[in-house]
Structures are given as C-alpha cells and as structure tokens.
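Some notes on the structure that comes next.
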Number of protein chains: 2
Amino acid sequence: MKREVSYCNLPNRIGKKVANKSRLYKHKGNFTWKGVKTEKYKTGAGDWAGIVRKVLIGNFNESTKIHIRYFEIASGGYSSFEKHKHEHVVIGIRGKGKVLCDKKNYQLNFLDTLYIAPNTPHQLGNPFQDPFGFLCIVNARRDKPKILTKFK
Amino acid sequence: MKREVSYCNLPNRIGKKVANKSRLYKHKGNFTWKGVKTEKYKTGAGDWAGIVRKVLIGNFNESTKIHIRYFEIASGGYSSFEKHKHEHVVIGIRGKGKVLCDKKNYQLNFLDTLYIAPNTPHQLGNPFQDPFGFLCIVNARRDKPKILTKFK
C-alpha cells in the first residue's frame, strides 16, 4: 500500500513541512473549523457529485496512523461507488443520508456509526433536502479504491 | 508496543471471536448506541473520577488500525493526568469540557477537534453542570500511559 496522494484525498495544501505537534481545530459553527480548508472530494470528476471534504486530521504531518475527514454531501449528491482493502468508519454528524454497504441500504442519522469492512462495495448519498455531513475515519496508509459500476 | 488490554481500554466483553465484517451501530439517542456497552474508563481507581467509556470501534475484531471510543465525563469528573507515545484525537460531541494539553488549557465544545501529539501530558475534565462527551480516536496498537502528578 502506498501513501495516498490523489485518490479520496488531495495533497497537503500547506506547502511546507510542519511540526508533529498538538493542535486545536475550533469548530466555527456550520460545520467549518478554524485552520481547515474546504477541498474537493476527489481530483477527477464523473462518478460522484456534490461532495466537499475537510481534512481534520491528516494534513499537518500528524504521526497518528489515521486520518479524519469531514465530508458533506449536498442534496442529490453521492460518493463514488467503490471498494478497497482499507476500512472506513463513518459517523453521521449533520442531517441524514443513505449508505449502500455490502448490498444493504442504511439510513445514517446523527451519531450512527458504520464500520465498513475491507473490500466491501459502498456508496453514500443524500436524497434529502438538507446537507448530509459525516466523519470518515481511515488508516493513514491505504490502498487506492476500485471504482465499481454506479447504481446512481 | 503491546496491544492494550488493561489500561485505558478493557478486554473484549464479547467473549468470542467475531467476524471482521461491516456493522452499523445505531445511535439510540442520549449518546447510547445499539450493541455498544457502557464500560469503566479504567480498571484501576484513584487518579480519575466520573468517566464512562463506550467502545464504538475496537471490540468486534475490526481490522482497522484505530479504535474509536466515546467517553463521557460527569460534572466534576476528570481523566488521568498522563502521557504516552501514542497520539489522541479528541472531538467534542456532548456539552463542553476542559482539556489540559502541553501546559495549555482549552475549552472543548461541540465538534472542536484536538490533536494530542505523542508524549504530551494531558488531562480532560468537566467543571460544568452538564455531561461532557467526546470521541477519542487512537491507534489500535498503542503503548501504556504513564500517570503523571495530578493537578486536580
């Protein structure tokens, strides 16, 4: 497994090496954090729509073995339908959304916590009116997803 | 580093080996989850007070490199004052609390995200009236904390 750079995460935007030190990212309200930029979900287009990402842990040279990202899917948006060796943990934080995981459909509400095991086909979507925001926690070192046939 | 069994995490209560498969832990309201037990913060007593833990990810043989725990500190409670090689990520979820981290004092509110770097002395406490709940995300394999002189 290679360290990800261009799939499901964008390169560090800081442009310089920073110290691995303790940091507080204050929530400014409305699911934005001081010092955390809003980024694209992926660099390429085509198999996803209406998602932004905010990397809470992973852009500042932290030595922890995980990255924590906040994703937000606008009404009508959806993520890539994909699978990969690495696991996901998804925790609903804002609004509600849908998850297809291993051929099962779930609704994800506030604090619902979904563990997506290795090699499990999955896709998240927001068929509702309000934004759907969730934390997605992954291993810092992880493999590249395989894009599957879209169901949407 | 050894896999922790008795410090800042209790042994798997399931009593049997379970498959590493996708699972949804529904939030039942009031910061409780279906299938997730309320456990002690630590087995020993003395340097902490008024905390419970709920292991969201880590008790079901998940292969991910991290564990996710929800801790809740009652009014007047506090965690051990300690340091260790492994990192913490703390995300405020319920109420508000205080954190001492590397000689700095922070207040942690909803979704405030604190990265605690390796070997950083830290302690969380709740001097407020309402419960203080937070997610604490750690590497699955981690070292044993060193208890420091209490400041409380």
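Numbering starts fresh at 1 for the residues of each chain in the structure tokens, the chains themselves are lettered A, B, ... in the order given, and ligands are numbered from 1 as they appear.
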Open item on the list: Set the cut-off to 10 Å and count only C-alpha atoms: what are the residues of chain A that reach chain B? Output as a ChimeraX atom specification.
Closed with: /A:19-29,31-34,56-57,62-68,86-93,101-102,106-118,120,137-141
Open item on the list: I want to know what sits within 7 Å of region 69-79 of chain A, based on only C-alpha atoms, with residues of the same chain fewer than 2 positions away left out; could you give that as a list in words?
Closed with: Trp48, Ala49, Gly50, Ile51, Val52, Arg53, Lys54, Val55, Leu56, Ile57, His67, Phe81, Gln123, Leu124, Gly125, Asn126, Pro127, Phe128, Gln129, Asp130, Pro131, Phe132, Gly133, Phe134, Leu135, Cys136 and Ile137 of chain A
Open item on the list: Write out as a ChimeraX atom specification the set of residues from region 23-144 of chain A that DSSP, computed on the backbone, places in strand (DSSP E or B).
Closed with: /A:23-25,27-29,32-33,39-40,49-57,66-78,82-83,88-94,97-101,104-108,113-116,122-125,132-139,141
TODO: Could you tell me how far CA of Glu82 (chain A) lies from CA of Thr149 (chain A), in Å and to one decimal?
DONE: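 Interatomic distance here is 8.2 Å.
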